[in-house]
Each structure stands twice: as C-alpha cells, then as structure tokens.
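Shown next: data39.tsv, given as TSV, C-alpha atoms.
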chain	number	residue	atom	x	y	z
R	1	MET	CA	12.18	-1.23	-13.59
R	2	MET	CA	15.43	0.65	-13.45
R	3	MET	CA	16.98	3.64	-15.16
R	4	SER	CA	20.52	3.21	-16.43
R	5	GLU	CA	23.40	4.66	-14.44
R	6	GLY	CA	23.94	6.89	-17.46
R	7	VAL	CA	21.08	9.12	-16.31
R	8	GLU	CA	22.81	9.82	-12.99
R	9	TRP	CA	26.14	10.46	-14.74
R	10	ALA	CA	24.58	12.73	-17.36
R	11	LEU	CA	22.70	14.77	-14.76
R	12	HIS	CA	25.79	15.31	-12.61
R	13	CYS	CA	27.95	16.21	-15.63
R	14	CYS	CA	25.33	18.67	-16.92
R	15	LEU	CA	25.09	20.26	-13.49
R	16	ASN	CA	28.90	20.57	-13.33
R	17	LEU	CA	28.95	22.17	-16.80
R	18	ALA	CA	26.15	24.49	-15.69
R	19	PHE	CA	28.26	25.70	-12.75
R	20	LEU	CA	31.27	26.25	-15.04
R	21	GLY	CA	29.16	28.57	-17.15
R	22	PRO	CA	29.23	29.34	-20.86
R	23	GLY	CA	32.52	29.52	-22.73
R	24	THR	CA	34.27	26.78	-20.76
R	25	ALA	CA	34.78	23.62	-22.83
R	26	VAL	CA	35.66	20.62	-20.65
R	27	PRO	CA	37.43	17.56	-22.09
R	28	GLY	CA	35.47	14.35	-21.56
R	29	ALA	CA	38.32	12.73	-19.58
R	30	ARG	CA	38.32	15.63	-17.13
R	31	LEU	CA	34.53	15.49	-16.75
R	32	ALA	CA	34.84	11.75	-16.02
R	33	ALA	CA	37.71	12.23	-13.56
R	34	PHE	CA	35.73	14.64	-11.40
R	35	HIS	CA	33.43	11.81	-10.30
R	36	GLU	CA	35.80	8.89	-11.11
R	37	LEU	CA	33.52	7.69	-13.91
R	38	PRO	CA	34.70	5.33	-16.67
R	39	PRO	CA	35.59	7.77	-19.50
R	40	VAL	CA	34.52	5.53	-22.40
R	41	TYR	CA	31.05	4.84	-20.98
R	42	LEU	CA	30.61	8.48	-19.99
R	43	HIS	CA	31.56	9.49	-23.52
R	44	LYS	CA	28.57	7.50	-24.78
R	45	GLN	CA	26.23	9.49	-22.52
R	46	MET	CA	27.85	12.77	-23.53
R	47	GLN	CA	27.34	11.91	-27.20
R	48	ALA	CA	23.65	11.26	-26.46
R	49	LEU	CA	23.45	14.70	-24.82
R	50	VAL	CA	25.11	16.26	-27.90
R	51	ARG	CA	22.64	14.52	-30.23
R	52	ALA	CA	19.78	15.87	-28.08
R	53	GLY	CA	21.14	19.42	-28.37
R	54	ILE	CA	21.73	19.71	-24.61
R	55	VAL	CA	25.52	19.77	-24.81
R	56	SER	CA	27.80	20.98	-27.58
R	57	SER	CA	31.15	19.45	-28.39
R	58	THR	CA	34.17	21.34	-29.72
R	59	PRO	CA	37.04	19.33	-31.22
R	60	GLY	CA	40.71	20.08	-30.77
R	61	ARG	CA	43.28	20.61	-28.07
R	62	ARG	CA	41.29	23.26	-26.23
R	63	GLY	CA	37.98	21.59	-27.08
R	64	GLY	CA	35.52	19.69	-24.97
R	65	PHE	CA	31.93	19.75	-23.80
R	66	GLN	CA	29.79	22.65	-22.68
R	67	LEU	CA	26.08	23.21	-22.26
R	68	ALA	CA	24.45	24.10	-25.57
R	69	ARG	CA	21.83	26.34	-23.94
R	70	ASP	CA	20.92	28.18	-20.79
R	71	PRO	CA	20.47	25.89	-17.72
R	72	ALA	CA	17.03	27.46	-17.26
R	73	HIS	CA	16.07	25.88	-20.58
R	74	ILE	CA	17.33	22.37	-19.86
R	75	THR	CA	14.90	20.21	-17.91
R	76	LEU	CA	15.45	16.89	-16.17
R	77	MET	CA	13.08	15.43	-18.76
R	78	ASP	CA	15.42	16.59	-21.55
R	79	VAL	CA	18.37	14.80	-19.95
R	80	VAL	CA	16.44	11.63	-19.08
R	81	ALA	CA	14.97	11.42	-22.60
R	82	ALA	CA	18.42	11.99	-24.17
R	83	VAL	CA	19.91	9.05	-22.25
R	84	GLU	CA	16.94	6.67	-21.89
R	85	GLY	CA	15.04	7.47	-25.09
R	86	GLN	CA	11.48	8.63	-25.54
R	87	GLU	CA	9.78	5.24	-25.21
R	88	PRO	CA	7.23	4.92	-22.40
R	89	ALA	CA	8.21	2.69	-19.46
R	90	PHE	CA	4.91	0.81	-19.76
R	91	ARG	CA	4.53	-0.65	-23.24
R	92	CYS	CA	1.14	-2.08	-24.14
R	93	THR	CA	1.47	-5.21	-26.26
R	94	GLU	CA	-2.30	-5.38	-26.79
R	95	ILE	CA	-2.79	-8.74	-25.08
R	96	ARG	CA	-6.51	-7.92	-24.86
R	97	SER	CA	-6.74	-8.60	-28.61
R	98	GLN	CA	-5.28	-12.12	-28.11
R	99	GLY	CA	-7.26	-15.18	-27.12
R	100	PRO	CA	-10.90	-16.30	-27.33
R	101	SER	CA	-12.36	-12.94	-26.37
R	102	GLY	CA	-9.91	-10.85	-28.37
R	103	SER	CA	-10.41	-9.04	-31.62
R	104	GLY	CA	-7.55	-11.01	-33.20
R	105	GLY	CA	-5.41	-7.96	-33.63
R	106	THR	CA	-7.83	-5.43	-35.06
R	107	THR	CA	-7.26	-2.22	-33.18
R	108	GLN	CA	-10.07	-0.90	-31.05
R	109	ALA	CA	-9.86	2.37	-29.18
R	110	ILE	CA	-7.06	2.64	-26.62
R	111	CYS	CA	-6.73	-0.09	-23.99
R	112	THR	CA	-8.11	1.12	-20.65
R	113	ILE	CA	-5.09	-0.24	-18.81
R	114	GLU	CA	-2.68	1.45	-21.20
R	115	ALA	CA	-4.54	4.75	-20.79
R	116	ALA	CA	-4.37	4.53	-16.98
R	117	MET	CA	-0.68	3.64	-17.01
R	118	ARG	CA	0.06	6.42	-19.49
R	119	LYS	CA	-1.78	8.93	-17.32
R	120	ALA	CA	0.51	8.09	-14.40
R	121	GLU	CA	3.60	8.20	-16.56
R	122	MET	CA	2.62	11.63	-17.84
R	123	ALA	CA	2.54	12.88	-14.24
R	124	TRP	CA	6.13	11.66	-13.84
R	125	ARG	CA	7.25	13.22	-17.13
R	126	ARG	CA	5.54	16.49	-16.24
R	127	ALA	CA	7.34	16.58	-12.89
R	128	LEU	CA	10.66	15.98	-14.67
R	129	ALA	CA	9.87	18.70	-17.22
R	130	GLU	CA	9.03	21.18	-14.48
R	131	GLN	CA	12.54	21.01	-12.99
R	132	THR	CA	15.44	22.68	-14.80
R	133	LEU	CA	19.21	22.60	-14.30
R	134	ALA	CA	18.89	26.21	-13.10
R	135	ASP	CA	16.53	25.01	-10.34
R	136	LEU	CA	19.07	22.37	-9.28
R	137	MET	CA	21.85	25.01	-9.28
R	138	ALA	CA	19.76	27.23	-7.01
R	139	THR	CA	19.14	24.34	-4.61
R	140	VAL	CA	22.83	23.40	-4.48
R	141	GLU	CA	23.81	27.06	-3.93
R	142	ARG	CA	21.37	27.28	-1.04
R	143	ARG	CA	22.19	23.94	0.59
R	144	TYR	CA	25.89	23.63	-0.19
R	145	PRO	CA	27.21	27.19	-0.82
R	146	ALA	CA	30.83	26.00	-1.15
R	147	THR	CA	30.10	23.52	-3.94
R	148	PRO	CA	29.99	25.84	-7.02
R	149	ARG	CA	33.38	27.37	-6.18
R	150	ARG	CA	34.87	23.90	-5.50
R	151	ILE	CA	33.72	22.74	-8.93
R	152	SER	CA	35.07	25.85	-10.69
R	153	SER	CA	38.45	25.68	-8.93
R	154	TRP	CA	39.03	22.04	-9.73
R	155	PHE	CA	38.16	22.38	-13.41
R	156	ALA	CA	40.14	25.65	-13.72
R	157	ALA	CA	43.19	23.87	-12.31
R	158	GLY	CA	42.98	21.31	-15.12
T	1	MET	CA	13.83	2.23	-18.92
T	2	MET	CA	11.18	-0.39	-19.38
T	3	MET	CA	8.66	-2.18	-17.21
T	4	SER	CA	8.46	-5.94	-17.59
T	5	GLU	CA	5.62	-7.46	-19.61
T	6	GLY	CA	4.56	-9.01	-16.32
T	7	VAL	CA	3.01	-5.71	-15.27
T	8	GLU	CA	0.70	-5.67	-18.31
T	9	TRP	CA	-0.22	-9.33	-17.75
T	10	ALA	CA	-0.85	-8.85	-14.04
T	11	LEU	CA	-3.04	-5.79	-14.61
T	12	HIS	CA	-5.18	-7.53	-17.24
T	13	CYS	CA	-5.54	-10.66	-15.10
T	14	CYS	CA	-6.50	-8.62	-12.03
T	15	LEU	CA	-9.08	-6.71	-14.07
T	16	ASN	CA	-10.52	-9.98	-15.40
T	17	LEU	CA	-10.71	-11.38	-11.85
T	18	ALA	CA	-12.37	-8.14	-10.75
T	19	PHE	CA	-15.10	-8.58	-13.38
T	20	LEU	CA	-15.66	-12.18	-12.32
T	21	GLY	CA	-16.34	-10.99	-8.81
T	22	PRO	CA	-15.74	-12.61	-5.44
T	23	GLY	CA	-16.20	-16.33	-4.96
T	24	THR	CA	-14.97	-17.36	-8.41
T	25	ALA	CA	-11.58	-19.08	-8.28
T	26	VAL	CA	-9.96	-19.25	-11.72
T	27	PRO	CA	-7.25	-21.81	-12.51
T	28	GLY	CA	-4.01	-20.21	-13.70
T	29	ALA	CA	-4.09	-22.05	-17.03
T	30	ARG	CA	-7.54	-20.64	-17.76
T	31	LEU	CA	-6.45	-17.11	-16.82
T	32	ALA	CA	-3.47	-17.49	-19.19
T	33	ALA	CA	-5.60	-18.90	-22.01
T	34	PHE	CA	-7.93	-15.91	-22.01
T	35	HIS	CA	-5.13	-13.70	-23.39
T	36	GLU	CA	-2.96	-16.50	-24.85
T	37	LEU	CA	-0.23	-15.86	-22.28
T	38	PRO	CA	2.51	-18.39	-21.45
T	39	PRO	CA	1.07	-20.17	-18.36
T	40	VAL	CA	4.40	-20.77	-16.61
T	41	TYR	CA	5.53	-17.14	-16.83
T	42	LEU	CA	2.10	-15.87	-15.90
T	43	HIS	CA	2.13	-18.15	-12.86
T	44	LYS	CA	5.25	-16.29	-11.67
T	45	GLN	CA	3.37	-12.98	-11.80
T	46	MET	CA	0.33	-14.49	-10.08
T	47	GLN	CA	2.55	-15.75	-7.26
T	48	ALA	CA	3.93	-12.22	-6.86
T	49	LEU	CA	0.35	-10.92	-6.61
T	50	VAL	CA	-0.42	-13.57	-3.98
T	51	ARG	CA	2.67	-12.61	-1.96
T	52	ALA	CA	1.56	-8.96	-2.12
T	53	GLY	CA	-1.90	-9.87	-0.78
T	54	ILE	CA	-3.68	-8.71	-3.96
T	55	VAL	CA	-4.76	-12.16	-5.11
T	56	SER	CA	-5.52	-15.28	-3.10
T	57	SER	CA	-4.86	-18.79	-4.29
T	58	THR	CA	-6.95	-21.85	-3.44
T	59	PRO	CA	-5.45	-25.27	-4.11
T	60	GLY	CA	-7.34	-28.30	-5.46
T	61	ARG	CA	-9.52	-29.32	-8.38
T	62	ARG	CA	-11.96	-26.42	-7.97
T	63	GLY	CA	-9.22	-24.04	-6.83
T	64	GLY	CA	-7.54	-21.14	-8.52
T	65	PHE	CA	-6.96	-17.43	-8.19
T	66	GLN	CA	-9.31	-14.68	-7.09
T	67	LEU	CA	-8.88	-11.14	-5.87
T	68	ALA	CA	-8.04	-11.04	-2.18
T	69	ARG	CA	-9.81	-7.74	-1.63
T	70	ASP	CA	-12.32	-5.31	-3.09
T	71	PRO	CA	-11.23	-3.82	-6.47
T	72	ALA	CA	-11.79	-0.38	-4.93
T	73	HIS	CA	-8.92	-1.17	-2.57
T	74	ILE	CA	-6.42	-2.38	-5.16
T	75	THR	CA	-4.49	0.39	-6.87
T	76	LEU	CA	-2.31	0.27	-9.97
T	77	MET	CA	0.60	1.07	-7.64
T	78	ASP	CA	-0.13	-2.11	-5.65
T	79	VAL	CA	0.03	-4.25	-8.80
T	80	VAL	CA	3.12	-2.50	-10.25
T	81	ALA	CA	4.97	-2.79	-6.92
T	82	ALA	CA	4.02	-6.47	-6.58
T	83	VAL	CA	5.51	-7.30	-9.98
T	84	GLU	CA	8.37	-4.78	-10.30
T	85	GLY	CA	9.34	-4.41	-6.65
T	86	GLN	CA	9.51	-1.32	-4.50
T	87	GLU	CA	12.89	-0.04	-5.68
T	88	PRO	CA	12.92	3.44	-7.23
T	89	ALA	CA	13.58	3.62	-10.99
T	90	PHE	CA	16.31	6.19	-10.42
T	91	ARG	CA	18.96	4.83	-8.07
T	92	CYS	CA	21.53	7.26	-6.74
T	93	THR	CA	24.96	5.66	-6.50
T	94	GLU	CA	26.42	8.76	-4.80
T	95	ILE	CA	28.93	9.57	-7.52
T	96	ARG	CA	29.22	13.06	-6.02
T	97	SER	CA	31.20	11.52	-3.15
T	98	GLN	CA	33.72	10.04	-5.63
T	99	GLY	CA	36.67	11.90	-7.09
T	100	PRO	CA	38.79	14.90	-6.14
T	101	SER	CA	35.88	17.00	-4.92
T	102	GLY	CA	34.04	14.16	-3.22
T	103	SER	CA	33.71	13.36	0.41
T	104	GLY	CA	35.13	9.89	-0.17
T	105	GLY	CA	31.97	8.14	0.79
T	106	THR	CA	30.91	9.96	3.93
T	107	THR	CA	27.25	10.69	3.58
T	108	GLN	CA	26.17	14.30	3.46
T	109	ALA	CA	22.53	15.31	3.28
T	110	ILE	CA	20.59	14.01	0.28
T	111	CYS	CA	22.01	14.57	-3.18
T	112	THR	CA	20.16	17.41	-4.93
T	113	ILE	CA	19.84	15.39	-8.13
T	114	GLU	CA	18.47	12.38	-6.26
T	115	ALA	CA	15.94	14.60	-4.47
T	116	ALA	CA	14.76	16.12	-7.77
T	117	MET	CA	14.47	12.72	-9.46
T	118	ARG	CA	12.65	11.29	-6.45
T	119	LYS	CA	10.17	14.17	-6.47
T	120	ALA	CA	9.25	13.34	-10.07
T	121	GLU	CA	9.01	9.65	-9.34
T	122	MET	CA	6.70	10.34	-6.41
T	123	ALA	CA	4.34	12.16	-8.81
T	124	TRP	CA	4.24	8.99	-10.91
T	125	ARG	CA	3.69	6.72	-7.92
T	126	ARG	CA	0.97	9.00	-6.60
T	127	ALA	CA	-0.81	8.91	-9.96
T	128	LEU	CA	-0.62	5.10	-9.92
T	129	ALA	CA	-1.89	5.00	-6.34
T	130	GLU	CA	-4.84	7.23	-7.21
T	131	GLN	CA	-6.24	4.76	-9.75
T	132	THR	CA	-7.94	1.57	-8.53
T	133	LEU	CA	-9.14	-1.57	-10.29
T	134	ALA	CA	-12.67	-0.33	-9.56
T	135	ASP	CA	-11.90	2.85	-11.55
T	136	LEU	CA	-10.68	0.75	-14.48
T	137	MET	CA	-13.82	-1.42	-14.29
T	138	ALA	CA	-15.99	1.71	-14.44
T	139	THR	CA	-14.09	2.99	-17.47
T	140	VAL	CA	-14.38	-0.35	-19.29
T	141	GLU	CA	-18.12	-0.56	-18.48
T	142	ARG	CA	-18.62	2.91	-19.92
T	143	ARG	CA	-16.47	2.50	-23.02
T	144	TYR	CA	-16.99	-1.17	-23.81
T	145	PRO	CA	-20.30	-2.18	-22.18
T	146	ALA	CA	-20.20	-5.69	-23.71
T	147	THR	CA	-16.80	-6.58	-22.24
T	148	PRO	CA	-17.72	-7.56	-18.65
T	149	ARG	CA	-20.38	-10.02	-19.86
T	150	ARG	CA	-18.00	-11.44	-22.47
T	151	ILE	CA	-15.40	-12.07	-19.77
T	152	SER	CA	-17.94	-13.70	-17.41
T	153	SER	CA	-19.41	-15.94	-20.13
T	154	TRP	CA	-16.06	-17.25	-21.29
T	155	PHE	CA	-14.82	-18.07	-17.79
T	156	ALA	CA	-18.19	-19.58	-16.81
T	157	ALA	CA	-18.00	-21.89	-19.84
T	158	GLY	CA	-14.65	-23.26	-18.59
Represent the structure contained in this file as structure tokens.
Amino acid sequence: MMMSEGVEWALHCCLNLAFLGPGTAVPGARLAAFHELPPVYLHKQMQALVRAGIVSSTPGRRGGFQLARDPAHITLMDVVAAVEGQEPAFRCTEIRSQGPSGSGGTTQAICTIEAAMRKAEMAWRRALAEQTLADLMATVERRYPATPRRISSWFAAG
Amino acid sequence: MMMSEGVEWALHCCLNLAFLGPGTAVPGARLAAFHELPPVYLHKQMQALVRAGIVSSTPGRRGGFQLARDPAHITLMDVVAAVEGQEPAFRCTEIRSQGPSGSGGTTQAICTIEAAMRKAEMAWRRALAEQTLADLMATVERRYPATPRRISSWFAAG
C-alpha cells in the first residue's frame, strides 16, 4: 500500500505557500522549480488542491496559486484527501457473502473485519485531521529558523 | 491509496482458521472455496502468512494450513504487514533537498512533513496492532452466534 508522490509534493507546496502568506500568488512553474518537480505533474496536484478549496488559482501574468484559507484551517487530512480521494484504503468486497456459507449477496450488518479495519483507519484519519499546516509551520520555525526567510527570499526574487 | 484484495482474503481466511481451532489443517483449495476465491492467488497470500509465521503449512494428503499461534497473539497489523509489507504508506523522497533552496541531497534531521505523516500512520498501525483475531472471534460470536458452527460444519464435511 503506497500513497502517490503527489501527496508529498502537495504538502510541500502548501507549506511553501503558507510561509509566503496571503496575497502572494505563485506561478505553478515557480512552485515546481523550488523543489525541481515536473511542472505538468505538479499542476495536476495543484488543480486537485484548487478543486478541494485548499488553494486558489488566479489567471494572468501576475497570477498563480495561493492558499485559499488560513493555514490553521488546512489539515493534513484535507491535503491527503484532495490528492488521494476519500476512498478508504481497505475496501471490503463482501467475500463473506460468497461461497457455500455466504448469503449470496444479501447484505447483512457490517462485516466484522471491515469494521475492525475501518476503526484503525479512522485513527489514522483522525491523526491527519489533528495536524494543520500552521502546526507544521510552527515546527519548521522552531527546528529550522532560517527556512521561512529562505523560502520568502527565493520566491520574492522570482 | 488502496490496500490489495489480498489483505481482505488473508484476514477472512485467518479468521476461519481461528474458528476451526488448532489441529485442523485445511487444504488451500478448500479455504479458497469457502469464499469462492481464486485458489492460485489465495495461495500467494497464504504463503506470505506462512513466511510471517502467522500460519503453518503441512504437506501431504491430510495436510494444509492452520494458524501457527493462538488467535490472541495474532493482530490485524501482523496480517496486514505479512501481505502488504512493512513499508510506510507515505514515503518521503526528500524533495526538500532538491532545488535552489535544497541541501543537494545531504541529509538534515527528519523532514517535518515526513514526521507529521509518520505520526498519523503510527496511530493507524497502533490501532491495527491493538486488535487481535481473538477480538474479532469474540465480536462475530456476539453478533452472529451461528457463524462459528456454520464454518466448522462446512470444513468438517470436506
């Protein structure tokens, strides 16, 4: 089981946009260049973030991407769901209803295995939802105090 | 992000073996037939469970698969790891070290995004590790009291 690279790209780009603050629209090519990401594939992830209402996109010469809301109101779950979709990782195909002992497809109450797997997945989703971009910014500022200024300078020089 | 069907198959087969109890070796074809699963693909999952020490395999005419240890000592995490591997779902490719602001590959301390994603994934793994096959058996016995006997009867008739 593996998340797409798009999740890593989207998280880093959102964090960079968070450090740039509101009012700074960054062209997609510039956002890609900062981490040497392939611009076309990154664009796909950015569009997913726009559709999810995490990022807004302004057209035109001075246009680009910026966060659509406060970093304190964007969770890791929001970003992961925007890129990976809302489907659970464990998908029950109801094999218990197949075969000699099965109900032949009639739906009983929830499968015990599905319920147990869903319970664990909810713990993961909750832990993603409890962490915001603002939390990540605070951690970076504490651990790597030079990083926010380095990000701002490079994008300002664009 | 999606788990393979093999996880669902492996969990159901382990639960069936748990209900059959120790000392009953079930041929792979019979295990597959109970849920109408493709025997060859299921065999691949059963081999993974054997390699992980969850299931033991006895060769010969009266041979087959049985649980290698008490269902109270087999967690959902054990089964998921046996089938899906131990790799994390979120894999950091260190894109922060790429590009104009990057370190060019020299490893700093852990990436803040990786740490946050790992924290969430640990919550999921912990929740999987907290649930055993014995817990699932207890839930099934409470919710569907006829199921354990139905499983035993069908396999005994083989």
Considering all atoms listed in the file, return as a PDB file with C-alpha atoms, in the coordinates of the input whatever protein or nucleic-acid residues lie within 7 Å of Phe90 (chain R), sequence-local ones (same chain, fewer than 2 positions apart) excluded.
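That gives us selection29.pdb:
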ATOM      1  CA  PRO R  88       7.230   4.920 -22.400  1.00  0.00           C
ATOM      2  CA  CYS R  92       1.140  -2.080 -24.140  1.00  0.00           C
ATOM      3  CA  MET R 117      -0.680   3.640 -17.010  1.00  0.00           C
TER       4      MET R 117
ATOM      5  CA  MET T   2      11.180  -0.390 -19.380  1.00  0.00           C
ATOM      6  CA  MET T   3       8.660  -2.180 -17.210  1.00  0.00           C
TER       7      MET T   3
END
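Proximity to Arg118 (chain R) was assessed for R:Ala18, R:His73, R:Ala25, R:Arg91 counting all atoms listed in the file; the smallest distance is recorded for R:Arg91.
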Result of fitting chain R to chain T over every paired C-alpha, as a short mmCIF file (atom, residue, chain, number, x, y, z; two decimals) with C-alpha atoms, keeping the file's coordinate frame:
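Once everything was written out, this is part16.cif:
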data_model
loop_
_atom_site.label_atom_id
_atom_site.label_comp_id
_atom_site.auth_asym_id
_atom_site.auth_seq_id
_atom_site.Cartn_x
_atom_site.Cartn_y
_atom_site.Cartn_z
CA MET R 1 13.84 2.22 -18.96
CA MET R 2 11.17 -0.39 -19.38
CA MET R 3 8.66 -2.18 -17.20
CA SER R 4 8.46 -5.94 -17.59
CA GLU R 5 5.63 -7.45 -19.60
CA GLY R 6 4.55 -9.01 -16.32
CA VAL R 7 3.00 -5.69 -15.27
CA GLU R 8 0.70 -5.68 -18.30
CA TRP R 9 -0.22 -9.34 -17.75
CA ALA R 10 -0.86 -8.85 -14.04
CA LEU R 11 -3.04 -5.79 -14.61
CA HIS R 12 -5.18 -7.52 -17.24
CA CYS R 13 -5.55 -10.68 -15.11
CA CYS R 14 -6.52 -8.63 -12.03
CA LEU R 15 -9.07 -6.72 -14.07
CA ASN R 16 -10.51 -10.00 -15.41
CA LEU R 17 -10.73 -11.39 -11.86
CA ALA R 18 -12.36 -8.14 -10.76
CA PHE R 19 -15.09 -8.58 -13.39
CA LEU R 20 -15.65 -12.20 -12.32
CA GLY R 21 -16.35 -10.99 -8.81
CA PRO R 22 -15.75 -12.61 -5.44
CA GLY R 23 -16.21 -16.34 -4.98
CA THR R 24 -14.98 -17.34 -8.43
CA ALA R 25 -11.59 -19.08 -8.30
CA VAL R 26 -9.95 -19.24 -11.74
CA PRO R 27 -7.24 -21.81 -12.53
CA GLY R 28 -4.00 -20.21 -13.70
CA ALA R 29 -4.09 -22.05 -17.05
CA ARG R 30 -7.53 -20.63 -17.79
CA LEU R 31 -6.44 -17.11 -16.83
CA ALA R 32 -3.46 -17.49 -19.20
CA ALA R 33 -5.59 -18.90 -22.02
CA PHE R 34 -7.92 -15.90 -22.04
CA HIS R 35 -5.12 -13.70 -23.39
CA GLU R 36 -2.93 -16.51 -24.85
CA LEU R 37 -0.21 -15.86 -22.27
CA PRO R 38 2.52 -18.40 -21.45
CA PRO R 39 1.09 -20.16 -18.35
CA VAL R 40 4.42 -20.76 -16.58
CA TYR R 41 5.54 -17.12 -16.83
CA LEU R 42 2.08 -15.87 -15.88
CA HIS R 43 2.15 -18.16 -12.86
CA LYS R 44 5.24 -16.29 -11.65
CA GLN R 45 3.36 -12.98 -11.80
CA MET R 46 0.32 -14.49 -10.09
CA GLN R 47 2.53 -15.76 -7.26
CA ALA R 48 3.93 -12.23 -6.86
CA LEU R 49 0.35 -10.92 -6.62
CA VAL R 50 -0.44 -13.58 -3.97
CA ARG R 51 2.65 -12.62 -1.95
CA ALA R 52 1.53 -8.97 -2.12
CA GLY R 53 -1.92 -9.89 -0.79
CA ILE R 54 -3.68 -8.72 -3.97
CA VAL R 55 -4.77 -12.17 -5.11
CA SER R 56 -5.53 -15.28 -3.10
CA SER R 57 -4.86 -18.80 -4.29
CA THR R 58 -6.95 -21.85 -3.42
CA PRO R 59 -5.48 -25.30 -4.09
CA GLY R 60 -7.37 -28.28 -5.42
CA ARG R 61 -9.55 -29.30 -8.32
CA ARG R 62 -11.97 -26.41 -7.96
CA GLY R 63 -9.22 -24.04 -6.83
CA GLY R 64 -7.56 -21.14 -8.54
CA PHE R 65 -6.98 -17.42 -8.21
CA GLN R 66 -9.32 -14.69 -7.10
CA LEU R 67 -8.89 -11.14 -5.89
CA ALA R 68 -8.04 -11.05 -2.19
CA ARG R 69 -9.84 -7.74 -1.62
CA ASP R 70 -12.32 -5.32 -3.08
CA PRO R 71 -11.23 -3.83 -6.46
CA ALA R 72 -11.79 -0.38 -4.93
CA HIS R 73 -8.93 -1.18 -2.56
CA ILE R 74 -6.43 -2.39 -5.15
CA THR R 75 -4.49 0.38 -6.86
CA LEU R 76 -2.32 0.28 -9.96
CA MET R 77 0.59 1.07 -7.63
CA ASP R 78 -0.14 -2.12 -5.64
CA VAL R 79 0.02 -4.24 -8.80
CA VAL R 80 3.10 -2.50 -10.24
CA ALA R 81 4.96 -2.78 -6.91
CA ALA R 82 4.00 -6.48 -6.58
CA VAL R 83 5.50 -7.29 -9.99
CA GLU R 84 8.35 -4.77 -10.29
CA GLY R 85 9.33 -4.40 -6.63
CA GLN R 86 9.49 -1.30 -4.49
CA GLU R 87 12.89 -0.04 -5.67
CA PRO R 88 12.92 3.43 -7.22
CA ALA R 89 13.58 3.61 -10.98
CA PHE R 90 16.32 6.19 -10.40
CA ARG R 91 18.96 4.81 -8.05
CA CYS R 92 21.54 7.26 -6.74
CA THR R 93 24.97 5.67 -6.50
CA GLU R 94 26.41 8.77 -4.81
CA ILE R 95 28.94 9.57 -7.53
CA ARG R 96 29.22 13.07 -6.04
CA SER R 97 31.21 11.53 -3.17
CA GLN R 98 33.74 10.05 -5.65
CA GLY R 99 36.69 11.89 -7.13
CA PRO R 100 38.82 14.90 -6.16
CA SER R 101 35.92 17.02 -4.95
CA GLY R 102 34.05 14.20 -3.24
CA SER R 103 33.74 13.41 0.41
CA GLY R 104 35.21 9.94 -0.16
CA GLY R 105 32.03 8.20 0.79
CA THR R 106 30.99 10.01 3.94
CA THR R 107 27.30 10.71 3.61
CA GLN R 108 26.20 14.31 3.43
CA ALA R 109 22.57 15.33 3.26
CA ILE R 110 20.61 14.00 0.29
CA CYS R 111 22.01 14.56 -3.21
CA THR R 112 20.16 17.40 -4.94
CA ILE R 113 19.84 15.38 -8.12
CA GLU R 114 18.48 12.37 -6.25
CA ALA R 115 15.94 14.59 -4.47
CA ALA R 116 14.74 16.10 -7.77
CA MET R 117 14.47 12.70 -9.44
CA ARG R 118 12.66 11.27 -6.43
CA LYS R 119 10.20 14.16 -6.46
CA ALA R 120 9.24 13.32 -10.04
CA GLU R 121 9.01 9.63 -9.30
CA MET R 122 6.70 10.33 -6.38
CA ALA R 123 4.34 12.14 -8.77
CA TRP R 124 4.23 8.99 -10.91
CA ARG R 125 3.68 6.71 -7.90
CA ARG R 126 0.96 9.01 -6.58
CA ALA R 127 -0.83 8.90 -9.94
CA LEU R 128 -0.64 5.09 -9.91
CA ALA R 129 -1.93 4.98 -6.32
CA GLU R 130 -4.85 7.23 -7.18
CA GLN R 131 -6.25 4.75 -9.73
CA THR R 132 -7.94 1.56 -8.52
CA LEU R 133 -9.15 -1.58 -10.29
CA ALA R 134 -12.69 -0.34 -9.57
CA ASP R 135 -11.91 2.84 -11.55
CA LEU R 136 -10.67 0.74 -14.48
CA MET R 137 -13.83 -1.42 -14.30
CA ALA R 138 -16.00 1.70 -14.45
CA THR R 139 -14.09 2.98 -17.49
CA VAL R 140 -14.38 -0.35 -19.31
CA GLU R 141 -18.12 -0.56 -18.49
CA ARG R 142 -18.62 2.92 -19.91
CA ARG R 143 -16.46 2.52 -23.03
CA TYR R 144 -16.99 -1.15 -23.82
CA PRO R 145 -20.32 -2.19 -22.19
CA ALA R 146 -20.20 -5.69 -23.73
CA THR R 147 -16.80 -6.56 -22.27
CA PRO R 148 -17.74 -7.56 -18.66
CA ARG R 149 -20.39 -10.02 -19.87
CA ARG R 150 -17.98 -11.45 -22.50
CA ILE R 151 -15.40 -12.08 -19.78
CA SER R 152 -17.94 -13.70 -17.42
CA SER R 153 -19.40 -15.95 -20.14
CA TRP R 154 -16.05 -17.24 -21.30
CA PHE R 155 -14.80 -18.06 -17.81
CA ALA R 156 -18.17 -19.57 -16.80
CA ALA R 157 -17.98 -21.87 -19.83
CA GLY R 158 -14.65 -23.22 -18.57
#
Ala48 (chain R) surroundings by all atoms listed in the file, 9 Å radius, close-in-sequence under 6 positions cut, as a list in words | Ile54, Val55, Ala82 and Val83 of chain R
Dump as a PyMOL selection string the residues of chain R that approach chain T to within 6 Å, counting only C-alpha atoms.
-> chain R and resi 1-3+34-36+89-90+95+98-99+120-121+123-124+127-128
Quick one: everything within 12 Å of Arg69 (chain R), counting only C-alpha atoms, minus sequence neighbours fewer than 4 positions away in the same chain. Send it as number ranges by chain.
-> R: 14, 17-18, 21-23, 49-50, 52-56, 73-75, 78, 132-134
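Here CA of Gly60 (chain R) is placed at a distance of 13.6 Å from CA of Ala29 (chain R).
Note that the spacing between CA of Arg30 (chain R) and CA of Ala72 (chain R) amounts to 24.4 Å.
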Rank nothing, just name the residue among R:Cys13, R:Met46, R:Ala146, R:Leu67 nearest to Leu31 (chain R), using all atoms listed in the file.
-> R:Cys13
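Computed from the coordinates, the CA of Gly158 (chain R) to CA of Val79 (chain R) distance equals 25.9 Å.
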Box centre and edge lengths (Å, one decimal), axis-aligned, region 85-90 of chain T plus 3 Å each side, as AutoDock Vina command-line options:
--center_x 12.8 --center_y 0.9 --center_z -7.7 --size_x 13.0 --size_y 16.6 --size_z 12.5
